[in-house]
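Enquirer: A single structure is presented below for examination.
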Amino acid sequence: MSDNFQVDVEAILEGLGEELGIEGLTFADESNTCLFQIDKARLIALTGRAEEEDFVIHTQVGILPQESRCDIVEELMEANLFWAGTRGATLSIERERGVVIVAQVLSRYESNGELLTGKTLGAAILDLVDVANHWAALLGGRSEVLGAQENRGSDIINMA
């Protein structure tokens, strides 16, 4: 990572940690990825991409079932159409294992040109978790949606 991006990333991660109640969030040196769990079940990966000056957040949604696979893939593709069913994220499939993943890219800057805040990043991560939970229900997996945002912080575990 470039020096300027590294400084910004550290500030953003510190703010994210404060927002989510996690101390010591850091990126792994080799992958520039920070892993942590939300709700003791949903593993979140946050990757800093210095060249693009952005972050990618993603999580596994679930496994495509063998039955009605084509119908489900069509629903997932329809959700991706102009991001109408994903709140701006993108659903993808890792074909070999049939794993469905939801991901979103966020600039290191807010729309007003200011540095991304931990609060904004935290809200985007929690929103992505809600999207993942929604589509997990379709896949026959975890169907409950996380409660109100203020109840989520106590169920966050740092895996970094």
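Residue numbering restarts at 1 in every chain; chains get A, B, ... in the order shown in the structure tokens, and ligands count up from 1 in that same order.
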I'd like to know which residues of region 49-143 of chain A are helix (DSSP H, G or I) (by DSSP, run on the backbone); could you write them as a compact mmCIF listing (two decimals) with C-alpha atoms, in the first residue's frame?
Expert:
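Final output, selection.txt:
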```txt
# COMPACT_ATOMS: atom_id res chain seq x y z
CA ARG A 69 -30.55 -24.12 -9.00
CA CYS A 70 -31.36 -22.40 -12.30
CA ASP A 71 -34.37 -20.59 -10.82
CA ILE A 72 -32.29 -19.33 -7.91
CA VAL A 73 -29.47 -18.17 -10.20
CA GLU A 74 -32.06 -16.24 -12.22
CA GLU A 75 -33.31 -14.57 -9.03
CA LEU A 76 -29.77 -13.65 -8.04
CA MET A 77 -29.07 -12.22 -11.49
CA GLU A 78 -32.31 -10.24 -11.39
CA ALA A 79 -31.29 -8.81 -8.01
CA ASN A 80 -28.03 -7.61 -9.60
CA LEU A 81 -29.89 -5.73 -12.35
CA PHE A 82 -29.09 -2.11 -11.52
CA TRP A 83 -28.43 -3.39 -7.98
CA GLY A 118 -15.62 4.50 10.37
CA LYS A 119 -19.29 5.31 10.85
CA THR A 120 -19.98 5.28 7.10
CA LEU A 121 -17.93 2.12 6.56
CA GLY A 122 -19.59 0.42 9.53
CA ALA A 123 -23.05 1.27 8.21
CA ALA A 124 -22.11 -0.12 4.78
CA ILE A 125 -20.84 -3.34 6.36
CA LEU A 126 -23.99 -3.80 8.46
CA ASP A 127 -26.11 -3.10 5.37
CA LEU A 128 -24.17 -5.75 3.45
CA VAL A 129 -24.85 -8.20 6.30
CA ASP A 130 -28.58 -7.51 5.97
CA VAL A 131 -28.39 -8.13 2.21
CA ALA A 132 -26.46 -11.37 2.80
CA ASN A 133 -29.01 -12.54 5.37
CA HIS A 134 -31.88 -11.81 2.98
CA TRP A 135 -30.34 -13.88 0.18
CA ALA A 136 -29.21 -16.61 2.59
CA ALA A 137 -32.87 -17.18 3.37
CA LEU A 138 -33.54 -17.79 -0.34
```
Enquirer: Name all residues at most 7 Å from region 87-101 of chain A (count only C-alpha atoms; drop same-chain ones fewer than 6 positions away) and give them as a list in words.
Expert: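 Once the adjacent positions are removed, what remains is His58, Thr59, Gln60, Val61, Gly62, Ile63, Leu64, Leu76 and Asn80 of chain A.
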Enquirer: Hey, can you spit out that residue selection with N, CA and C atoms as a tab-separated table (two decimals), in the first residue's frame?
Expert:
```
chain	number	residue	atom	x	y	z
A	58	HIS	N	-16.85	-7.99	1.57
A	58	HIS	CA	-17.62	-9.12	1.05
A	58	HIS	C	-17.83	-10.17	2.13
A	59	THR	N	-18.83	-10.99	1.88
A	59	THR	CA	-19.15	-12.09	2.77
A	59	THR	C	-19.81	-13.19	1.97
A	60	GLN	N	-19.67	-14.40	2.47
A	60	GLN	CA	-20.34	-15.54	1.84
A	60	GLN	C	-21.81	-15.52	2.24
A	61	VAL	N	-22.68	-15.69	1.26
A	61	VAL	CA	-24.12	-15.72	1.50
A	61	VAL	C	-24.56	-17.13	1.85
A	62	GLY	N	-24.11	-18.10	1.06
A	62	GLY	CA	-24.50	-19.48	1.27
A	62	GLY	C	-24.11	-20.33	0.08
A	63	ILE	N	-24.65	-21.53	0.04
A	63	ILE	CA	-24.36	-22.49	-1.02
A	63	ILE	C	-25.60	-22.66	-1.88
A	64	LEU	N	-25.40	-22.66	-3.19
A	64	LEU	CA	-26.52	-22.91	-4.10
A	64	LEU	C	-27.03	-24.33	-3.90
A	76	LEU	N	-30.97	-14.38	-8.43
A	76	LEU	CA	-29.77	-13.65	-8.04
A	76	LEU	C	-29.35	-12.66	-9.13
A	80	ASN	N	-29.18	-8.40	-9.17
A	80	ASN	CA	-28.03	-7.61	-9.60
A	80	ASN	C	-28.39	-6.53	-10.61
```
Enquirer: Interatomic distance between CA of Asp39 (chain A) and CA of Val105 (chain A)?
Expert: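 Separating CA of Asp39 (chain A) from CA of Val105 (chain A) is a distance of 22.0 Å.
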Enquirer: Please measure the separation of CA of Asn32 (chain A) and CA of Glu19 (chain A), giving the value in Å to one decimal.
Expert: 20.5 Å
